[in-house]
file coords.pdb (PDB, C-alpha atoms)
ATOM      1  CA  MET I 160       0.000   0.000   0.000
ATOM      2  CA  THR I 161       1.391   3.364  -1.034
ATOM      3  CA  LEU I 162       0.873   5.987   1.647
ATOM      4  CA  THR I 163      -0.100   9.054  -0.328
ATOM      5  CA  LEU I 164      -1.043  12.374   1.241
ATOM      6  CA  LYS I 165      -4.723  11.557   0.647
ATOM      7  CA  ILE I 166      -4.455   8.162   2.375
ATOM      8  CA  LEU I 167      -2.548   9.594   5.342
ATOM      9  CA  PHE I 168      -5.159  12.336   5.670
ATOM     10  CA  LEU I 169      -7.963   9.759   5.465
ATOM     11  CA  LEU I 170      -6.368   7.536   8.111
ATOM     12  CA  SER I 171      -5.945  10.559  10.406
ATOM     13  CA  VAL I 172      -9.609  11.499   9.997
ATOM     14  CA  LEU I 173     -10.717   7.919  10.701
ATOM     15  CA  VAL I 174      -8.579   7.590  13.842
ATOM     16  CA  ILE I 175      -9.894  10.890  15.248
ATOM     17  CA  ALA I 176     -13.490   9.933  14.351
ATOM     18  CA  VAL I 177     -13.218   6.549  16.069
ATOM     19  CA  ALA I 178     -11.716   8.111  19.205
ATOM     20  CA  ALA I 179     -14.417  10.805  19.325
ATOM     21  CA  ASP I 180     -17.230   8.318  18.703
ATOM     22  CA  ILE I 181     -16.020   5.939  21.414
ATOM     23  CA  ARG I 182     -15.472   8.751  23.891
ATOM     24  CA  ASN I 183     -18.522  10.963  23.211
ATOM     25  CA  ASN I 184     -20.878   8.808  21.094
ATOM     26  CA  ARG I 185     -20.699  11.373  18.305
ATOM     27  CA  ILE I 186     -18.490  12.389  15.412
ATOM     28  CA  PRO I 187     -17.963  16.145  15.483
ATOM     29  CA  ASN I 188     -18.710  18.538  12.623
ATOM     30  CA  TRP I 189     -15.337  20.208  13.165
ATOM     31  CA  LEU I 190     -13.834  16.966  11.840
ATOM     32  CA  THR I 191     -16.229  15.839   9.104
ATOM     33  CA  LEU I 192     -16.966  19.105   7.323
ATOM     34  CA  PRO I 193     -13.313  20.173   6.872
ATOM     35  CA  ALA I 194     -12.488  16.582   5.848
ATOM     36  CA  MET I 195     -15.115  16.765   3.090
ATOM     37  CA  ILE I 196     -13.774  20.089   1.834
ATOM     38  CA  THR I 197     -10.148  18.936   2.037
ATOM     39  CA  GLY I 198     -10.936  15.653   0.258
ATOM     40  CA  VAL I 199     -12.611  17.446  -2.638
ATOM     41  CA  GLY I 200      -9.792  20.019  -2.646
ATOM     42  CA  LEU I 201      -7.023  17.407  -2.768
ATOM     43  CA  ASN I 202      -8.723  15.733  -5.719
ATOM     44  CA  MET I 203      -9.159  19.084  -7.452
ATOM     45  CA  ILE I 204      -5.485  19.954  -6.934
ATOM     46  CA  SER I 205      -4.393  16.630  -8.409
ATOM     47  CA  ALA I 206      -6.813  16.519 -11.382
ATOM     48  CA  GLY I 207      -8.397  19.955 -11.863
ATOM     49  CA  ALA I 208     -12.080  20.075 -12.803
ATOM     50  CA  ASP I 209     -12.184  16.288 -13.203
ATOM     51  CA  GLY I 210     -10.831  15.960  -9.656
ATOM     52  CA  LEU I 211     -13.505  18.347  -8.373
ATOM     53  CA  LEU I 212     -16.208  16.229 -10.003
ATOM     54  CA  PHE I 213     -14.530  13.033  -8.731
ATOM     55  CA  GLY I 214     -14.515  14.329  -5.143
ATOM     56  CA  MET I 215     -18.078  15.651  -5.268
ATOM     57  CA  GLU I 216     -19.415  12.387  -6.731
ATOM     58  CA  GLY I 217     -17.607  10.464  -4.010
ATOM     59  CA  LEU I 218     -18.982  12.750  -1.314
ATOM     60  CA  LEU I 219     -22.580  12.335  -2.489
ATOM     61  CA  LEU I 220     -22.268   8.584  -3.081
ATOM     62  CA  GLY I 221     -20.670   8.157   0.335
ATOM     63  CA  MET I 222     -23.588   9.814   2.076
ATOM     64  CA  ALA I 223     -26.417   8.368  -0.042
ATOM     65  CA  PRO I 224     -26.621   4.809   1.345
ATOM     66  CA  PHE I 225     -26.715   5.993   4.947
ATOM     67  CA  ILE I 226     -29.163   8.913   4.722
ATOM     68  CA  ALA I 227     -32.187   6.581   4.886
ATOM     69  CA  LEU I 228     -30.759   4.946   8.015
ATOM     70  CA  TYR I 229     -30.286   8.387   9.550
ATOM     71  CA  ILE I 230     -33.873   9.391   8.713
ATOM     72  CA  VAL I 231     -35.333   6.340  10.494
ATOM     73  CA  GLY I 232     -33.056   6.868  13.505
ATOM     74  CA  GLY I 233     -30.725   3.932  12.940
ATOM     75  CA  MET I 234     -27.611   6.022  12.435
ATOM     76  CA  GLY I 235     -26.258   9.381  13.522
ATOM     77  CA  ALA I 236     -25.659  12.331  11.226
ATOM     78  CA  GLY I 237     -21.949  12.226  12.048
ATOM     79  CA  ASP I 238     -21.725   8.721  10.582
ATOM     80  CA  VAL I 239     -23.359   9.931   7.355
ATOM     81  CA  LYS I 240     -20.999  12.905   7.150
ATOM     82  CA  LEU I 241     -17.970  10.717   7.872
ATOM     83  CA  MET I 242     -18.870   8.482   4.913
ATOM     84  CA  GLY I 243     -19.260  11.649   2.844
ATOM     85  CA  ALA I 244     -15.722  12.646   3.826
ATOM     86  CA  VAL I 245     -14.469   9.167   2.925
ATOM     87  CA  GLY I 246     -16.126   9.524  -0.470
ATOM     88  CA  ALA I 247     -14.730  13.001  -1.032
ATOM     89  CA  ILE I 248     -11.242  11.581  -0.502
ATOM     90  CA  LEU I 249     -11.526   8.179  -2.217
ATOM     91  CA  GLY I 250     -13.968   8.991  -5.009
ATOM     92  CA  PRO I 251     -17.117   7.262  -6.237
ATOM     93  CA  LYS I 252     -15.921   3.726  -7.016
ATOM     94  CA  MET I 253     -13.939   3.187  -3.838
ATOM     95  CA  VAL I 254     -16.571   4.726  -1.566
ATOM     96  CA  ILE I 255     -19.189   2.299  -2.859
ATOM     97  CA  MET I 256     -16.873  -0.564  -1.916
ATOM     98  CA  ALA I 257     -16.085   1.121   1.415
ATOM     99  CA  ALA I 258     -19.822   1.433   2.143
ATOM    100  CA  LEU I 259     -20.308  -2.258   1.387
ATOM    101  CA  TYR I 260     -17.392  -3.327   3.586
ATOM    102  CA  THR I 261     -18.604  -0.914   6.281
ATOM    103  CA  ALA I 262     -22.060  -2.506   6.231
ATOM    104  CA  ILE I 263     -20.497  -5.952   6.659
ATOM    105  CA  ALA I 264     -18.234  -4.748   9.479
ATOM    106  CA  GLY I 265     -21.204  -2.970  11.087
ATOM    107  CA  GLY I 266     -23.305  -6.132  10.976
ATOM    108  CA  VAL I 267     -20.576  -8.205  12.598
ATOM    109  CA  TYR I 268     -20.047  -5.452  15.176
ATOM    110  CA  ALA I 269     -23.780  -5.292  15.977
ATOM    111  CA  LEU I 270     -24.025  -9.068  16.352
ATOM    112  CA  ALA I 271     -20.996  -9.050  18.661
ATOM    113  CA  VAL I 272     -22.595  -6.374  20.840
ATOM    114  CA  ILE I 273     -25.865  -8.310  20.980
ATOM    115  CA  ALA I 274     -24.009 -11.530  21.805
ATOM    116  CA  PHE I 275     -21.708 -10.197  24.504
ATOM    117  CA  HIS I 276     -22.969  -6.924  26.001
ATOM    118  CA  PRO I 277     -24.716  -7.401  29.361
ATOM    119  CA  ARG I 278     -27.359  -4.733  28.613
ATOM    120  CA  ALA I 279     -28.415  -6.534  25.397
ATOM    121  CA  ARG I 280     -29.879  -9.555  27.208
ATOM    122  CA  ALA I 281     -33.522  -8.955  26.171
ATOM    123  CA  THR I 282     -32.521  -8.278  22.567
ATOM    124  CA  ARG I 283     -30.335 -11.387  22.561
ATOM    125  CA  LYS I 284     -33.228 -13.520  23.872
ATOM    126  CA  ALA I 285     -35.643 -12.071  21.280
ATOM    127  CA  LEU I 286     -33.166 -12.772  18.482
ATOM    128  CA  ILE I 287     -32.624 -16.355  19.675
ATOM    129  CA  ASP I 288     -36.402 -16.885  19.858
ATOM    130  CA  THR I 289     -36.731 -15.539  16.302
ATOM    131  CA  ILE I 290     -34.069 -17.954  15.033
ATOM    132  CA  LYS I 291     -35.687 -20.886  16.877
ATOM    133  CA  GLY I 292     -39.072 -19.992  15.386
ATOM    134  CA  PHE I 293     -37.570 -19.908  11.912
ATOM    135  CA  ILE I 294     -35.828 -23.267  12.368
ATOM    136  CA  HIS I 295     -38.846 -25.052  13.858
ATOM    137  CA  TYR I 296     -41.759 -23.409  12.029
ATOM    138  CA  GLN I 297     -40.149 -21.760   8.971
ATOM    139  CA  MET I 298     -41.662 -18.466  10.120
ATOM    140  CA  LEU I 299     -39.528 -15.379  10.394
ATOM    141  CA  ARG I 300     -41.143 -13.195  13.047
ATOM    142  CA  TYR I 301     -39.218 -10.967  15.421
ATOM    143  CA  ASN I 302     -40.761 -10.678  18.867
ATOM    144  CA  LYS I 303     -39.671  -7.341  20.219
ATOM    145  CA  PRO I 304     -38.470  -7.556  23.831
ATOM    146  CA  GLN I 305     -41.236  -6.956  26.397
ATOM    147  CA  THR I 306     -39.006  -5.009  28.751
ATOM    148  CA  ALA I 307     -37.363  -1.760  27.799
ATOM    149  CA  GLU I 308     -33.630  -2.040  28.261
ATOM    150  CA  ASN I 309     -31.014   0.641  28.081
ATOM    151  CA  SER I 310     -29.496  -0.847  24.927
ATOM    152  CA  PRO I 311     -25.829  -0.218  24.195
ATOM    153  CA  ARG I 312     -25.083   2.205  21.373
ATOM    154  CA  LEU I 313     -22.897   1.257  18.466
ATOM    155  CA  CYS I 314     -19.951   3.509  17.710
ATOM    156  CA  TYR I 315     -20.371   3.172  13.964
ATOM    157  CA  ALA I 316     -17.173   5.101  13.210
ATOM    158  CA  VAL I 317     -15.436   1.840  14.137
ATOM    159  CA  ALA I 318     -17.234  -0.017  11.320
ATOM    160  CA  ILE I 319     -16.631   2.856   8.894
ATOM    161  CA  ALA I 320     -12.913   2.813   9.704
ATOM    162  CA  ILE I 321     -12.647  -0.974   9.338
ATOM    163  CA  GLY I 322     -14.549  -1.018   6.035
ATOM    164  CA  THR I 323     -12.629   1.910   4.594
ATOM    165  CA  ILE I 324      -9.209   0.646   5.639
ATOM    166  CA  ALA I 325     -10.024  -2.794   4.189
ATOM    167  CA  VAL I 326     -10.876  -1.221   0.816
ATOM    168  CA  VAL I 327      -7.746   0.946   0.821
ATOM    169  CA  MET I 328      -5.545  -2.042   1.648
ATOM    170  CA  LEU I 329      -7.177  -4.299  -0.947
ATOM    171  CA  LYS I 330      -6.743  -1.656  -3.643
ATOM    172  CA  ALA I 331      -2.998  -1.496  -3.008
TER     173      ALA I 331
END
call {"tool": "encode", "arguments": {"input": "coords.pdb", "output": "structure tokens"}}
result
Amino acid sequence: MTLTLKILFLLSVLVIAVAADIRNNRIPNWLTLPAMITGVGLNMISAGADGLLFGMEGLLLGMAPFIALYIVGGMGAGDVKLMGAVGAILGPKMVIMAALYTAIAGGVYALAVIAFHPRARATRKALIDTIKGFIHYQMLRYNKPQTAENSPRLCYAVAIAIGTIAVVMLKA
């Protein structure tokens, strides 16, 4: 993997985002918005008007898959903006792959939290009951937990970082 200025900048943004998300459960605008602008700017410097278009397409395609999740409350706005920054830096093709790898990493992360976090006991039981019902009766019906639990929150910047770094490393 060649460590270009863009990749070093991207890795720096991801490390700061993960630290902020773990510490404060949010990814700050002071990180994501300048990262978007810098990503588009670096592409414009390297390729002129084509680079500007490349960065803007990446930014929009990075945000697009996660906006619906934000609207329904399944994801924070900082996560959406972080993927926009990733897209602004990597461009449209790589951000689509990064979003796919991020979704996979996020699913594994969510399952791990459900499996091992002590506050996810009711969710874990409901998921096990759903799987048992599917195996025994071929019916897929999720029975929402009866008791309200203070469910753990996912720090999705972790999944975004894992998915993005995997794509960058595989491209090299």
call {"tool": "residues_around", "arguments": {"input": "coords.pdb", "residues": "range 163-170 of chain I", "least_positions_apart": "3", "cutoff": "10 Å", "atoms": "all atoms listed in the file", "output": "PyMOL selection string"}}
result
chain I and resi 160+173-176+194+197-198+201-202+244-245+247-249+320+323-324+327
call {"tool": "atom_distance", "arguments": {"input": "coords.pdb", "atom1": "CA of Tyr315 in chain I", "atom2": "CA of Leu270 in chain I"}}
result
13.0 Å
call {"tool": "closest_residue", "arguments": {"input": "coords.pdb", "among": "I:Arg185, I:Lys303, I:Lys330, I:Lys291", "to": "Val239 in chain I", "atoms": "all atoms listed in the file"}}
result
I:Arg185
call {"tool": "axis_aligned_box", "arguments": {"input": "coords.pdb", "around": "range 273-286 of chain I", "padding_each_side": "5 Å", "output": "JSON"}}
result
{"center_x": -28.7, "center_y": -9.1, "center_z": 23.9, "size_x": 23.9, "size_y": 18.8, "size_z": 20.9}
call {"tool": "atom_distance", "arguments": {"input": "coords.pdb", "atom1": "CA of Val231 in chain I", "atom2": "CA of Phe213 in chain I"}}
result
29.1 Å
call {"tool": "atom_distance", "arguments": {"input": "coords.pdb", "atom1": "CA of Ala325 in chain I", "atom2": "CA of Lys240 in chain I"}}
result
19.4 Å
call {"tool": "closest_residue", "arguments": {"input": "coords.pdb", "among": "I:Gly207, I:Gly235, I:Gly214, I:Gly221", "to": "Asn188 in chain I", "atoms": "all atoms listed in the file"}}
result
I:Gly235
call {"tool": "closest_residue", "arguments": {"input": "coords.pdb", "among": "I:Ala258, I:Ala236, I:Leu162, I:Val199", "to": "Pro187 in chain I", "atoms": "all atoms listed in the file"}}
result
I:Ala236
call {"tool": "decode", "arguments": {"input": "coords.pdb", "residues": "range 235-248 of chain I", "atoms": "all heavy atoms", "output": "mmCIF file, in the first residue's frame"}}
result
data_model
loop_
_atom_site.group_PDB
_atom_site.id
_atom_site.type_symbol
_atom_site.label_atom_id
_atom_site.label_comp_id
_atom_site.auth_asym_id
_atom_site.auth_seq_id
_atom_site.Cartn_x
_atom_site.Cartn_y
_atom_site.Cartn_z
ATOM 1 N N GLY I 235 -26.422 7.967 13.234
ATOM 2 C CA GLY I 235 -26.258 9.381 13.522
ATOM 3 C C GLY I 235 -25.812 10.166 12.300
ATOM 4 O O GLY I 235 -25.255 9.615 11.346
ATOM 5 N N ALA I 236 -26.048 11.458 12.334
ATOM 6 C CA ALA I 236 -25.659 12.331 11.226
ATOM 7 C C ALA I 236 -24.141 12.365 11.053
ATOM 8 O O ALA I 236 -23.640 12.484 9.933
ATOM 9 C CB ALA I 236 -26.192 13.745 11.447
ATOM 10 N N GLY I 237 -23.405 12.233 12.136
ATOM 11 C CA GLY I 237 -21.949 12.226 12.048
ATOM 12 C C GLY I 237 -21.437 11.050 11.243
ATOM 13 O O GLY I 237 -20.456 11.176 10.500
ATOM 14 N N ASP I 238 -22.103 9.901 11.366
ATOM 15 C CA ASP I 238 -21.725 8.721 10.582
ATOM 16 C C ASP I 238 -21.930 8.981 9.088
ATOM 17 O O ASP I 238 -21.089 8.629 8.267
ATOM 18 C CB ASP I 238 -22.544 7.501 11.012
ATOM 19 C CG ASP I 238 -22.384 7.164 12.481
ATOM 20 O OD1 ASP I 238 -21.245 7.221 12.975
ATOM 21 O OD2 ASP I 238 -23.390 6.843 13.126
ATOM 22 N N VAL I 239 -23.053 9.601 8.751
ATOM 23 C CA VAL I 239 -23.359 9.931 7.355
ATOM 24 C C VAL I 239 -22.308 10.898 6.813
ATOM 25 O O VAL I 239 -21.778 10.708 5.710
ATOM 26 C CB VAL I 239 -24.775 10.539 7.226
ATOM 27 C CG1 VAL I 239 -25.059 10.962 5.793
ATOM 28 C CG2 VAL I 239 -25.833 9.556 7.726
ATOM 29 N N LYS I 240 -21.986 11.918 7.596
ATOM 30 C CA LYS I 240 -20.999 12.905 7.150
ATOM 31 C C LYS I 240 -19.595 12.304 7.059
ATOM 32 O O LYS I 240 -18.825 12.663 6.163
ATOM 33 C CB LYS I 240 -21.013 14.130 8.070
ATOM 34 C CG LYS I 240 -22.296 14.951 7.914
ATOM 35 C CD LYS I 240 -22.304 16.145 8.825
ATOM 36 C CE LYS I 240 -22.853 15.721 10.164
ATOM 37 N NZ LYS I 240 -23.098 16.838 11.077
ATOM 38 N N LEU I 241 -19.278 11.370 7.950
ATOM 39 C CA LEU I 241 -17.970 10.717 7.872
ATOM 40 C C LEU I 241 -17.855 9.916 6.577
ATOM 41 O O LEU I 241 -16.819 9.955 5.914
ATOM 42 C CB LEU I 241 -17.737 9.814 9.088
ATOM 43 C CG LEU I 241 -16.390 9.095 9.138
ATOM 44 C CD1 LEU I 241 -15.225 10.090 9.137
ATOM 45 C CD2 LEU I 241 -16.311 8.200 10.371
ATOM 46 N N MET I 242 -18.911 9.202 6.191
ATOM 47 C CA MET I 242 -18.870 8.482 4.913
ATOM 48 C C MET I 242 -18.800 9.458 3.746
ATOM 49 O O MET I 242 -18.181 9.155 2.720
ATOM 50 C CB MET I 242 -20.089 7.564 4.758
ATOM 51 C CG MET I 242 -19.959 6.242 5.463
ATOM 52 S SD MET I 242 -18.471 5.268 5.075
ATOM 53 C CE MET I 242 -18.679 4.924 3.352
ATOM 54 N N GLY I 243 -19.404 10.624 3.876
ATOM 55 C CA GLY I 243 -19.260 11.649 2.844
ATOM 56 C C GLY I 243 -17.815 12.099 2.711
ATOM 57 O O GLY I 243 -17.297 12.268 1.602
ATOM 58 N N ALA I 244 -17.137 12.268 3.841
ATOM 59 C CA ALA I 244 -15.722 12.646 3.826
ATOM 60 C C ALA I 244 -14.875 11.550 3.199
ATOM 61 O O ALA I 244 -13.973 11.826 2.398
ATOM 62 C CB ALA I 244 -15.241 12.954 5.244
ATOM 63 N N VAL I 245 -15.183 10.294 3.531
ATOM 64 C CA VAL I 245 -14.469 9.167 2.925
ATOM 65 C C VAL I 245 -14.643 9.213 1.411
ATOM 66 O O VAL I 245 -13.688 9.051 0.646
ATOM 67 C CB VAL I 245 -14.966 7.819 3.510
ATOM 68 C CG1 VAL I 245 -14.463 6.643 2.691
ATOM 69 C CG2 VAL I 245 -14.552 7.681 4.966
ATOM 70 N N GLY I 246 -15.859 9.449 0.965
ATOM 71 C CA GLY I 246 -16.126 9.524 -0.470
ATOM 72 C C GLY I 246 -15.440 10.688 -1.140
ATOM 73 O O GLY I 246 -14.946 10.571 -2.267
ATOM 74 N N ALA I 247 -15.394 11.831 -0.466
ATOM 75 C CA ALA I 247 -14.730 13.001 -1.032
ATOM 76 C C ALA I 247 -13.244 12.733 -1.248
ATOM 77 O O ALA I 247 -12.638 13.248 -2.183
ATOM 78 C CB ALA I 247 -14.918 14.205 -0.113
ATOM 79 N N ILE I 248 -12.668 11.907 -0.406
ATOM 80 C CA ILE I 248 -11.242 11.581 -0.502
ATOM 81 C C ILE I 248 -11.004 10.456 -1.500
ATOM 82 O O ILE I 248 -10.131 10.548 -2.366
ATOM 83 C CB ILE I 248 -10.684 11.221 0.891
ATOM 84 C CG1 ILE I 248 -10.782 12.421 1.829
ATOM 85 C CG2 ILE I 248 -9.247 10.727 0.792
ATOM 86 C CD1 ILE I 248 -10.601 12.095 3.302
#
